[in-house]
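**Q** Just coords.csv, nothing more (CSV, C-alpha atoms):
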chain,number,residue,atom,x,y,z
S,350,MET,CA,0.0,0.0,0.0
S,351,GLN,CA,1.4,3.3,-1.1
S,352,HIS,CA,1.9,6.3,1.3
S,353,LEU,CA,-0.4,9.2,0.5
S,354,PRO,CA,0.3,12.9,1.2
S,355,PRO,CA,-1.9,14.7,3.7
S,356,LEU,CA,-5.4,15.3,2.5
S,357,THR,CA,-6.0,19.0,1.6
S,358,TRP,CA,-8.2,20.7,-0.9
S,359,ALA,CA,-5.3,20.8,-3.4
S,360,THR,CA,-4.4,17.1,-3.0
S,361,GLY,CA,-8.1,16.0,-2.9
S,362,LEU,CA,-8.9,17.8,-6.2
S,363,THR,CA,-5.8,16.9,-8.1
S,364,SER,CA,-5.4,13.2,-7.1
S,365,TRP,CA,-6.8,11.0,-9.9
S,366,GLN,CA,-6.3,7.4,-10.8
S,367,LEU,CA,-7.3,5.0,-13.5
S,368,SER,CA,-9.7,2.1,-12.7
S,369,PRO,CA,-10.7,-1.2,-14.4
S,370,TRP,CA,-14.2,0.1,-14.2
S,371,ASP,CA,-13.5,2.9,-16.8
S,372,GLY,CA,-14.1,0.5,-19.7
S,373,LEU,CA,-17.5,-0.5,-18.4
S,374,VAL,CA,-18.5,3.1,-17.9
S,375,ALA,CA,-17.6,3.9,-21.5
S,376,VAL,CA,-19.6,0.9,-22.8
S,377,LEU,CA,-22.7,1.8,-20.8
S,378,ALA,CA,-22.6,5.4,-21.9
S,379,ALA,CA,-22.2,4.4,-25.6
S,380,ALA,CA,-24.9,1.7,-25.4
S,381,TYR,CA,-27.4,4.1,-23.7
S,382,LEU,CA,-26.8,6.9,-26.3
S,383,MET,CA,-27.2,4.4,-29.1
S,384,GLY,CA,-30.5,3.3,-27.6
S,385,VAL,CA,-31.6,7.0,-27.4
S,386,ALA,CA,-30.7,7.4,-31.1
S,387,ARG,CA,-32.7,4.3,-32.0
S,388,TYR,CA,-35.7,5.4,-29.9
S,389,ARG,CA,-36.4,8.3,-32.4
S,390,ARG,CA,-38.4,5.9,-34.5
S,391,HIS,CA,-40.8,5.6,-31.6
S,392,GLY,CA,-40.7,9.2,-30.3
S,393,ARG,CA,-38.5,11.5,-28.4
S,394,TRP,CA,-36.7,10.2,-25.4
S,395,PRO,CA,-36.8,12.7,-22.5
S,396,VAL,CA,-33.6,14.6,-22.3
S,397,TRP,CA,-33.7,14.7,-18.5
S,398,ARG,CA,-33.6,10.9,-18.4
S,399,THR,CA,-30.5,10.9,-20.5
S,400,MET,CA,-28.9,13.5,-18.3
S,401,ALA,CA,-29.8,11.4,-15.2
S,402,PHE,CA,-28.2,8.3,-16.5
S,403,LEU,CA,-25.0,10.1,-17.6
S,404,SER,CA,-24.9,11.9,-14.3
S,405,GLY,CA,-25.0,8.5,-12.5
S,406,LEU,CA,-22.0,7.3,-14.6
S,407,THR,CA,-20.2,10.6,-13.8
S,408,VAL,CA,-20.8,10.2,-10.1
S,409,PHE,CA,-19.5,6.7,-10.4
S,410,VAL,CA,-16.3,7.9,-12.0
S,411,LEU,CA,-15.9,10.6,-9.3
S,412,ALA,CA,-16.3,7.9,-6.6
S,413,VAL,CA,-13.7,5.6,-8.1
S,414,ASN,CA,-11.2,7.7,-10.0
S,415,SER,CA,-11.1,11.0,-8.2
S,416,GLY,CA,-9.5,12.0,-4.9
S,417,ILE,CA,-12.5,10.2,-3.2
S,418,GLY,CA,-11.3,6.9,-4.6
S,419,VAL,CA,-7.7,7.6,-3.9
S,420,TYR,CA,-8.1,8.6,-0.3
S,421,SER,CA,-10.8,6.0,0.4
S,422,GLU,CA,-7.9,3.6,1.2
S,423,ALA,CA,-6.4,6.0,3.8
S,424,LEU,CA,-9.4,7.5,5.6
S,425,VAL,CA,-12.5,5.7,6.8
S,426,TRP,CA,-14.7,8.7,6.5
S,427,VAL,CA,-13.7,9.2,2.8
S,428,HIS,CA,-14.4,5.6,2.2
S,429,MET,CA,-17.9,6.2,3.7
S,430,VAL,CA,-18.5,9.1,1.3
S,431,GLN,CA,-17.5,6.8,-1.5
S,432,HIS,CA,-19.8,4.1,-0.2
S,433,LEU,CA,-22.8,6.4,-0.1
S,434,MET,CA,-22.1,7.6,-3.6
S,435,LEU,CA,-21.9,4.0,-4.9
S,436,ILE,CA,-24.8,2.4,-3.1
S,437,MET,CA,-27.3,5.3,-3.2
S,438,ALA,CA,-26.5,8.2,-5.6
S,439,VAL,CA,-25.3,6.2,-8.5
S,440,PRO,CA,-28.2,3.6,-8.5
S,441,ILE,CA,-30.8,6.3,-8.0
S,442,LEU,CA,-29.6,8.3,-11.0
S,443,LEU,CA,-29.2,5.2,-13.2
S,444,ILE,CA,-32.7,4.0,-12.4
S,445,ALA,CA,-34.1,7.5,-13.1
S,446,GLY,CA,-32.6,7.2,-16.6
S,447,ARG,CA,-34.8,4.1,-17.2
S,448,PRO,CA,-32.2,2.0,-19.1
S,449,LEU,CA,-34.3,-1.1,-19.0
S,450,SER,CA,-37.3,0.7,-20.6
S,451,LEU,CA,-35.0,2.0,-23.3
S,452,TRP,CA,-33.5,-1.4,-23.8
S,453,VAL,CA,-37.0,-2.9,-24.4
S,454,THR,CA,-38.5,-0.1,-26.5
S,455,ALA,CA,-35.5,0.9,-28.7
S,456,GLY,CA,-34.1,-2.6,-29.0
S,457,GLY,CA,-36.1,-3.6,-32.1
S,458,ASP,CA,-37.8,-6.5,-30.4
S,459,PRO,CA,-41.4,-6.7,-31.8
S,460,SER,CA,-41.9,-10.1,-30.3
S,461,GLY,CA,-41.7,-8.7,-26.8
S,462,ARG,CA,-39.0,-11.3,-25.8
S,463,ARG,CA,-37.0,-8.7,-23.8
S,464,GLU,CA,-40.0,-7.5,-21.8
S,465,ARG,CA,-41.0,-11.1,-21.1
S,466,PHE,CA,-37.5,-11.8,-19.8
S,467,LEU,CA,-37.6,-8.8,-17.4
S,468,ARG,CA,-41.0,-10.0,-16.2
S,469,SER,CA,-40.0,-13.6,-15.8
S,470,ARG,CA,-40.1,-15.4,-12.5
S,471,ALA,CA,-36.3,-15.6,-12.2
S,472,VAL,CA,-35.9,-11.9,-12.6
S,473,GLY,CA,-38.8,-11.3,-10.4
S,474,MET,CA,-37.2,-13.3,-7.6
S,475,LEU,CA,-33.9,-11.4,-8.1
S,476,THR,CA,-35.6,-8.0,-7.9
S,477,HIS,CA,-38.2,-8.9,-5.2
S,478,PRO,CA,-38.3,-6.0,-2.7
S,479,ALA,CA,-37.9,-8.3,0.3
S,480,SER,CA,-34.9,-10.2,-1.0
S,481,SER,CA,-33.3,-6.9,-2.3
S,482,PHE,CA,-33.7,-5.4,1.2
S,483,VAL,CA,-32.1,-8.4,2.9
S,484,PHE,CA,-29.2,-8.3,0.4
S,485,TYR,CA,-28.7,-4.5,0.9
S,486,ALA,CA,-28.6,-4.9,4.7
S,487,ALA,CA,-26.2,-7.9,4.5
S,488,VAL,CA,-23.8,-5.9,2.3
S,489,LEU,CA,-23.8,-3.0,4.7
S,490,VAL,CA,-23.1,-5.2,7.7
S,491,ILE,CA,-20.5,-7.5,6.1
S,492,THR,CA,-18.4,-4.8,4.4
S,493,HIS,CA,-18.2,-2.6,7.5
S,494,LEU,CA,-18.6,-4.7,10.7
S,495,THR,CA,-16.7,-7.9,9.9
S,496,VAL,CA,-13.1,-8.9,8.9
S,497,PHE,CA,-14.0,-7.8,5.4
S,498,ALA,CA,-13.2,-4.2,6.3
S,499,GLN,CA,-9.6,-5.1,7.0
S,500,ALA,CA,-9.2,-7.7,4.3
S,501,ARG,CA,-10.2,-5.3,1.5
S,502,LEU,CA,-7.2,-3.1,2.4
S,503,GLU,CA,-4.9,-6.1,2.1
S,504,HIS,CA,-6.3,-7.6,-1.1
S,505,PRO,CA,-7.0,-5.1,-3.9
S,506,TRP,CA,-9.4,-7.5,-5.7
S,507,LEU,CA,-11.8,-7.3,-2.7
S,508,GLN,CA,-12.0,-3.5,-3.2
S,509,HIS,CA,-13.5,-4.1,-6.7
S,510,LEU,CA,-15.8,-6.8,-5.3
S,511,GLU,CA,-17.0,-4.3,-2.7
S,512,ILE,CA,-17.7,-1.7,-5.4
S,513,ALA,CA,-19.7,-4.3,-7.3
S,514,LEU,CA,-21.7,-5.2,-4.2
S,515,TYR,CA,-22.5,-1.6,-3.5
S,516,LEU,CA,-23.7,-0.9,-7.0
S,517,ILE,CA,-25.8,-4.1,-7.3
S,518,SER,CA,-27.4,-4.0,-3.8
S,519,GLY,CA,-28.3,-0.3,-4.2
S,520,TYR,CA,-29.7,-0.9,-7.7
S,521,LEU,CA,-31.8,-3.9,-6.7
S,522,LEU,CA,-33.1,-2.1,-3.6
S,523,PHE,CA,-34.2,1.1,-5.3
S,524,LEU,CA,-35.4,-0.5,-8.6
S,525,PRO,CA,-38.9,-1.5,-7.3
S,526,LEU,CA,-39.1,1.5,-5.0
S,527,LEU,CA,-38.6,4.1,-7.7
S,528,GLY,CA,-40.8,2.2,-10.2
S,529,GLY,CA,-41.2,2.7,-13.9
S,530,GLU,CA,-39.0,0.0,-15.2
S,531,PRO,CA,-40.8,-3.0,-16.9
S,532,THR,CA,-40.3,-5.6,-14.2
S,533,ARG,CA,-42.8,-7.6,-12.1
S,534,TRP,CA,-42.6,-4.9,-9.5
S,535,GLN,CA,-43.2,-1.9,-11.8
S,536,ARG,CA,-46.5,-1.2,-10.0
S,537,PHE,CA,-45.3,-1.9,-6.4
S,538,PRO,CA,-47.8,-0.1,-4.1
S,539,HIS,CA,-46.7,3.2,-2.8
S,540,PRO,CA,-47.6,2.4,0.8
S,541,LEU,CA,-45.2,-0.6,0.6
S,542,ARG,CA,-42.5,1.5,-1.0
S,543,VAL,CA,-42.7,3.9,1.9
S,544,VAL,CA,-42.4,1.0,4.4
S,545,VAL,CA,-39.3,-0.4,2.7
S,546,LEU,CA,-37.7,3.0,2.5
S,547,MET,CA,-38.3,3.6,6.2
S,548,ALA,CA,-37.0,0.0,7.0
S,549,GLY,CA,-33.9,0.8,4.9
S,550,MET,CA,-33.0,3.3,7.6
S,551,LEU,CA,-32.5,0.4,10.1
S,552,PRO,CA,-29.3,-1.1,8.6
S,553,ASP,CA,-27.9,2.4,7.9
S,554,THR,CA,-28.5,3.4,11.5
S,555,LEU,CA,-27.1,0.1,12.8
S,556,VAL,CA,-23.8,0.3,10.9
S,557,GLY,CA,-23.4,4.0,11.7
S,558,VAL,CA,-24.1,3.6,15.5
S,559,VAL,CA,-21.8,0.6,15.8
S,560,LEU,CA,-18.9,2.4,14.0
S,561,MET,CA,-19.5,5.4,16.3
S,562,MET,CA,-19.6,3.4,19.5
S,563,ALA,CA,-17.0,0.7,18.8
S,564,PRO,CA,-14.0,0.8,21.2
S,565,GLN,CA,-11.6,-0.6,18.6
S,566,PRO,CA,-11.1,0.1,14.9
S,567,PHE,CA,-12.4,-2.5,12.5
S,568,ALA,CA,-9.7,-1.9,9.9
S,569,PRO,CA,-6.3,-0.9,11.4
S,570,ALA,CA,-4.7,-1.1,8.0
S,571,TYR,CA,-6.0,2.3,7.1
S,572,ARG,CA,-3.0,3.7,9.1
S,573,LEU,CA,-0.6,2.1,6.6
S,574,ALA,CA,-1.4,4.6,3.9
S,575,ARG,CA,-1.0,7.6,6.3
S,576,PRO,CA,1.5,6.7,9.0
S,577,GLU,CA,2.4,10.3,9.9
S,578,TRP,CA,-0.8,12.4,9.4
S,579,GLY,CA,-4.5,12.4,9.9
S,580,PRO,CA,-6.8,11.7,12.8
S,581,THR,CA,-6.6,8.6,15.0
S,582,LEU,CA,-8.1,5.4,13.7
S,583,LEU,CA,-11.0,5.6,16.2
S,584,ALA,CA,-11.7,9.3,15.6
S,585,ASP,CA,-11.7,8.6,11.8
S,586,GLN,CA,-14.0,5.6,12.3
S,587,HIS,CA,-16.4,7.6,14.5
S,588,LEU,CA,-16.7,10.3,11.9
S,589,ALA,CA,-17.4,7.7,9.2
S,590,GLY,CA,-20.2,6.2,11.4
S,591,ALA,CA,-21.7,9.7,11.8
S,592,ILE,CA,-21.7,10.2,8.1
S,593,MET,CA,-23.3,6.9,7.5
S,594,TRP,CA,-26.0,7.4,10.1
S,595,PHE,CA,-26.9,11.0,9.1
S,596,PHE,CA,-26.7,10.9,5.3
S,597,GLY,CA,-27.9,7.3,4.9
S,598,ASP,CA,-31.0,8.0,6.9
S,599,ALA,CA,-31.5,11.4,5.4
S,600,THR,CA,-31.5,9.9,1.8
S,601,MET,CA,-34.0,7.3,2.8
S,602,ALA,CA,-36.2,9.8,4.5
S,603,VAL,CA,-36.2,12.2,1.5
S,604,LEU,CA,-37.1,9.4,-0.8
S,605,ALA,CA,-39.9,8.3,1.5
S,606,LEU,CA,-41.3,11.9,1.5
S,607,ILE,CA,-41.1,12.1,-2.2
S,608,THR,CA,-42.9,8.7,-2.5
S,609,VAL,CA,-45.7,9.9,-0.2
S,610,ARG,CA,-46.2,13.0,-2.3
S,611,ILE,CA,-46.4,10.9,-5.5
S,612,TRP,CA,-48.7,8.5,-3.7
S,613,LEU,CA,-51.1,11.3,-2.8
S,614,ARG,CA,-51.2,12.5,-6.5
S,615,THR,CA,-51.6,9.0,-8.0
S,616,SER,CA,-54.9,7.4,-9.0
S,617,GLY,CA,-53.8,4.0,-10.2
S,618,PRO,CA,-53.2,0.5,-8.9
S,619,GLU,CA,-50.1,1.8,-6.9
S,620,THR,CA,-52.3,3.9,-4.6
S,621,GLY,CA,-53.3,1.0,-2.4
S,622,PHE,CA,-52.8,-2.7,-1.6
S,623,GLY,CA,-56.0,-4.0,-3.1
S,624,SER,CA,-55.1,-4.3,-6.8
S,625,TRP,CA,-51.5,-5.4,-6.0
S,626,LEU,CA,-52.7,-8.1,-3.6
S,627,GLU,CA,-55.2,-9.2,-6.2
S,628,SER,CA,-52.6,-9.5,-8.9
S,629,ALA,CA,-50.3,-11.3,-6.6
S,630,ARG,CA,-53.1,-13.8,-5.7
S,631,ARG,CA,-53.9,-14.4,-9.3
S,632,SER,CA,-50.2,-14.9,-10.1
S,633,ALA,CA,-49.9,-17.4,-7.3
S,634,LEU,CA,-52.9,-19.3,-8.5
S,635,THR,CA,-51.8,-19.2,-12.1
S,636,HIS,CA,-48.3,-20.5,-11.3
S,637,THR,CA,-49.3,-23.1,-8.7
S,638,THR,CA,-48.5,-25.8,-11.3
S,639,THR,CA,-46.4,-24.0,-13.9
S,640,GLY,CA,-47.5,-24.7,-17.5
S,641,THR,CA,-50.2,-27.2,-16.7
S,642,ALA,CA,-54.0,-27.2,-17.1
S,643,PRO,CA,-54.9,-27.5,-13.4
S,644,ALA,CA,-53.3,-24.2,-12.6
S,645,LEU,CA,-55.3,-22.5,-15.3
S,646,ASP,CA,-58.5,-24.3,-14.2
S,647,ASN,CA,-57.9,-22.9,-10.7
S,648,ALA,CA,-57.6,-19.4,-12.0
S,649,ASP,CA,-60.8,-19.9,-14.1
S,650,ASP,CA,-62.7,-21.3,-11.1
S,651,VAL,CA,-61.7,-18.2,-9.1
S,652,ASP,CA,-62.9,-15.9,-11.8
S,653,ALA,CA,-66.2,-17.8,-12.1
S,654,ASP,CA,-66.7,-17.6,-8.3
S,655,GLU,CA,-66.0,-13.9,-8.4
S,656,GLN,CA,-68.4,-13.4,-11.2
S,657,ALA,CA,-71.1,-15.3,-9.4
S,658,LEU,CA,-70.6,-13.2,-6.3
S,659,ALA,CA,-70.8,-10.0,-8.3
S,660,ASP,CA,-74.0,-11.1,-9.9
S,661,TYR,CA,-75.5,-12.0,-6.5
S,662,ASN,CA,-74.5,-8.6,-5.1
S,663,ALA,CA,-76.1,-6.9,-8.1
S,664,MET,CA,-79.3,-8.8,-7.6
S,665,LEU,CA,-79.5,-7.7,-3.9
S,666,ALA,CA,-78.9,-4.1,-5.0
S,667,ARG,CA,-81.8,-4.3,-7.5
S,668,LEU,CA,-84.1,-5.8,-4.9
S,669,HIS,CA,-83.2,-3.1,-2.4
S,670,HIS,CA,-83.8,-0.5,-5.1
S,671,ASP,CA,-87.2,-2.0,-6.0
S,672,SER,CA,-88.4,-2.2,-2.4
S,673,ARG,CA,-87.7,1.5,-1.9
S,674,ARG,CA,-89.8,2.4,-5.0
S,675,SER,CA,-92.8,0.1,-4.3
S,676,PRO,CA,-95.9,1.7,-2.7
S,677,PRO,CA,-96.7,1.0,1.0
S,678,HIS,CA,-99.0,-1.9,1.9
S,679,ARG,CA,-102.8,-1.3,2.4
S,680,SER,CA,-102.5,-1.7,6.2
S,681,GLU,CA,-99.9,0.9,6.4
S,682,GLN,CA,-102.1,3.3,4.3
S,683,GLU,CA,-105.0,2.8,6.8
S,684,ASN,CA,-102.8,3.5,9.8
S,685,HIS,CA,-101.4,6.7,8.2
S,686,PRO,CA,-104.3,8.5,6.5
What does the file become when written as structure tokens?

**A**
Amino acid sequence: MQHLPPLTWATGLTSWQLSPWDGLVAVLAAAYLMGVARYRRHGRWPVWRTMAFLSGLTVFVLAVNSGIGVYSEALVWVHMVQHLMLIMAVPILLIAGRPLSLWVTAGGDPSGRRERFLRSRAVGMLTHPASSFVFYAAVLVITHLTVFAQARLEHPWLQHLEIALYLISGYLLFLPLLGGEPTRWQRFPHPLRVVVLMAGMLPDTLVGVVLMMAPQPFAPAYRLARPEWGPTLLADQHLAGAIMWFFGDATMAVLALITVRIWLRTSGPETGFGSWLESARRSALTHTTTGTAPALDNADDVDADEQALADYNAMLARLHHDSRRSPPHRSEQENHP
């Protein structure tokens, strides 16, 4: 591990490094812009979505290549800033760019094969909000509160694994919560989105508080890159925990407030649990025995029962309406002249 000069505004702004991720960034940017060019046959792709996607790639480059990436190996608090950029800022901006929608619409796939793939059961399980939340929480705890924090400083390949884990876990977590992409969870109810976002504050708070309260540093190897300058390891770790706690929870809270505002202005199936639970129930019945007639029969039986119940309720409503319009009985007329 190389020794770094003390972190100042000058060294922070002028320290840059190349990264194996640079090639992937270039490929993603080129592929997205090509998709935007092909989309012109269908209409005009929103400029702000293109800017959001490219901004996500720019934030990724800053997190990995700039002084943030360089000094993330020397200071825990800088690493925490990098972590928040990779697991929150980058995925949110990329999802706002709707790359999957662009891939489906501008990909020249009239058969709908790409959309069927995104809505398949395998992709649905991978992007399920519950499994995505568990994966997100596990990544936070493992990379900060276990021996992984020390090992990543000793083995450079673990640093790249950590970057991949941050990107993937953040993307999977926010994909159903921000909505819009053509997956099974495209119309995930807004109330449940708020619940998951508020629950996302729990692992952020846990990691932040533990880092602030721990009596010993989790990764002493940070000192190897700055043996003669900077704060103590514990002071550095405590500051990193405070950054994680405050900014992680603040991001989740802001997204929850935005979701509530959108929820109040929405008049679709995302507004409540009813239609989503109904679609989930139908999906479960349809896929009870995948690809076989009994499963379809079950779904047809349910539809028939629901139709019969609707007809019965309609009959009761007609009877009630007729009874209110019918004249009173003769005895009642005699009692009330």

**Q** Need the neighbours of (-41.5, -1.2, -0.8): which residues are at most 6 Å away, counting only C-alpha atoms, as a PyMOL selection string?

**A** chain S and resi 526+541-545

**Q** For Ala455 in chain S, please output as a list in words all residues within 10 Å (counting only C-alpha atoms; exclusion window: fewer than 2 positions along the same chain).

**A**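 Skipping anything fewer than 2 positions along the chain leaves Met383, Gly384, Val385, Ala386, Arg387, Tyr388, Arg389, Arg390, His391, Gly392, Trp394, Leu449, Ser450, Leu451, Trp452, Val453, Gly457 and Asp458 of chain S.
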
**Q** Write out as a PDB file with C-alpha atoms, in the coordinates of the input each polymer residue whose atoms come within 12 Å of Thr357 in chain S, counting all atoms listed in the file; drop sequence neighbours fewer than 6 positions from it.

**A**
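Listed below is the output, result_2.pdb:
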ATOM      1  CA  THR S 363      -5.800  16.900  -8.100  1.00  0.00           C
ATOM      2  CA  SER S 364      -5.400  13.200  -7.100  1.00  0.00           C
ATOM      3  CA  GLY S 416      -9.500  12.000  -4.900  1.00  0.00           C
ATOM      4  CA  ILE S 417     -12.500  10.200  -3.200  1.00  0.00           C
ATOM      5  CA  TYR S 420      -8.100   8.600  -0.300  1.00  0.00           C
ATOM      6  CA  TRP S 578      -0.800  12.400   9.400  1.00  0.00           C
ATOM      7  CA  GLY S 579      -4.500  12.400   9.900  1.00  0.00           C
TER       8      GLY S 579
END

**Q** Just want the 12 Å neighbourhood of range 608-615 of chain S, counted on all atoms listed in the file, with same-chain residues fewer than 6 positions away dropped. Output as a list in words.

**A**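 Once the adjacent positions are removed, what remains is Phe523, Pro525, Leu526, Leu527, Gly528, Arg536, Phe537, Pro538, His539, Pro540, Leu541, Arg542, Val543, Val544, Val545, Leu546, Met547, Met601, Ala602 and Gly621 of chain S.
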
**Q** Hey, can you check how far CA of Ala471 in chain S sits from CA of Pro459 in chain S?

**A**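 CA of Pro459 in chain S lies 22.1 Å from CA of Ala471 in chain S.
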
**Q** Enter the distance from CA of Leu443 in chain S to CA of Thr407 in chain S, in Å, rounded to one decimal.

**A**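 For CA of Leu443 in chain S relative to CA of Thr407 in chain S, the distance reads 10.5 Å.
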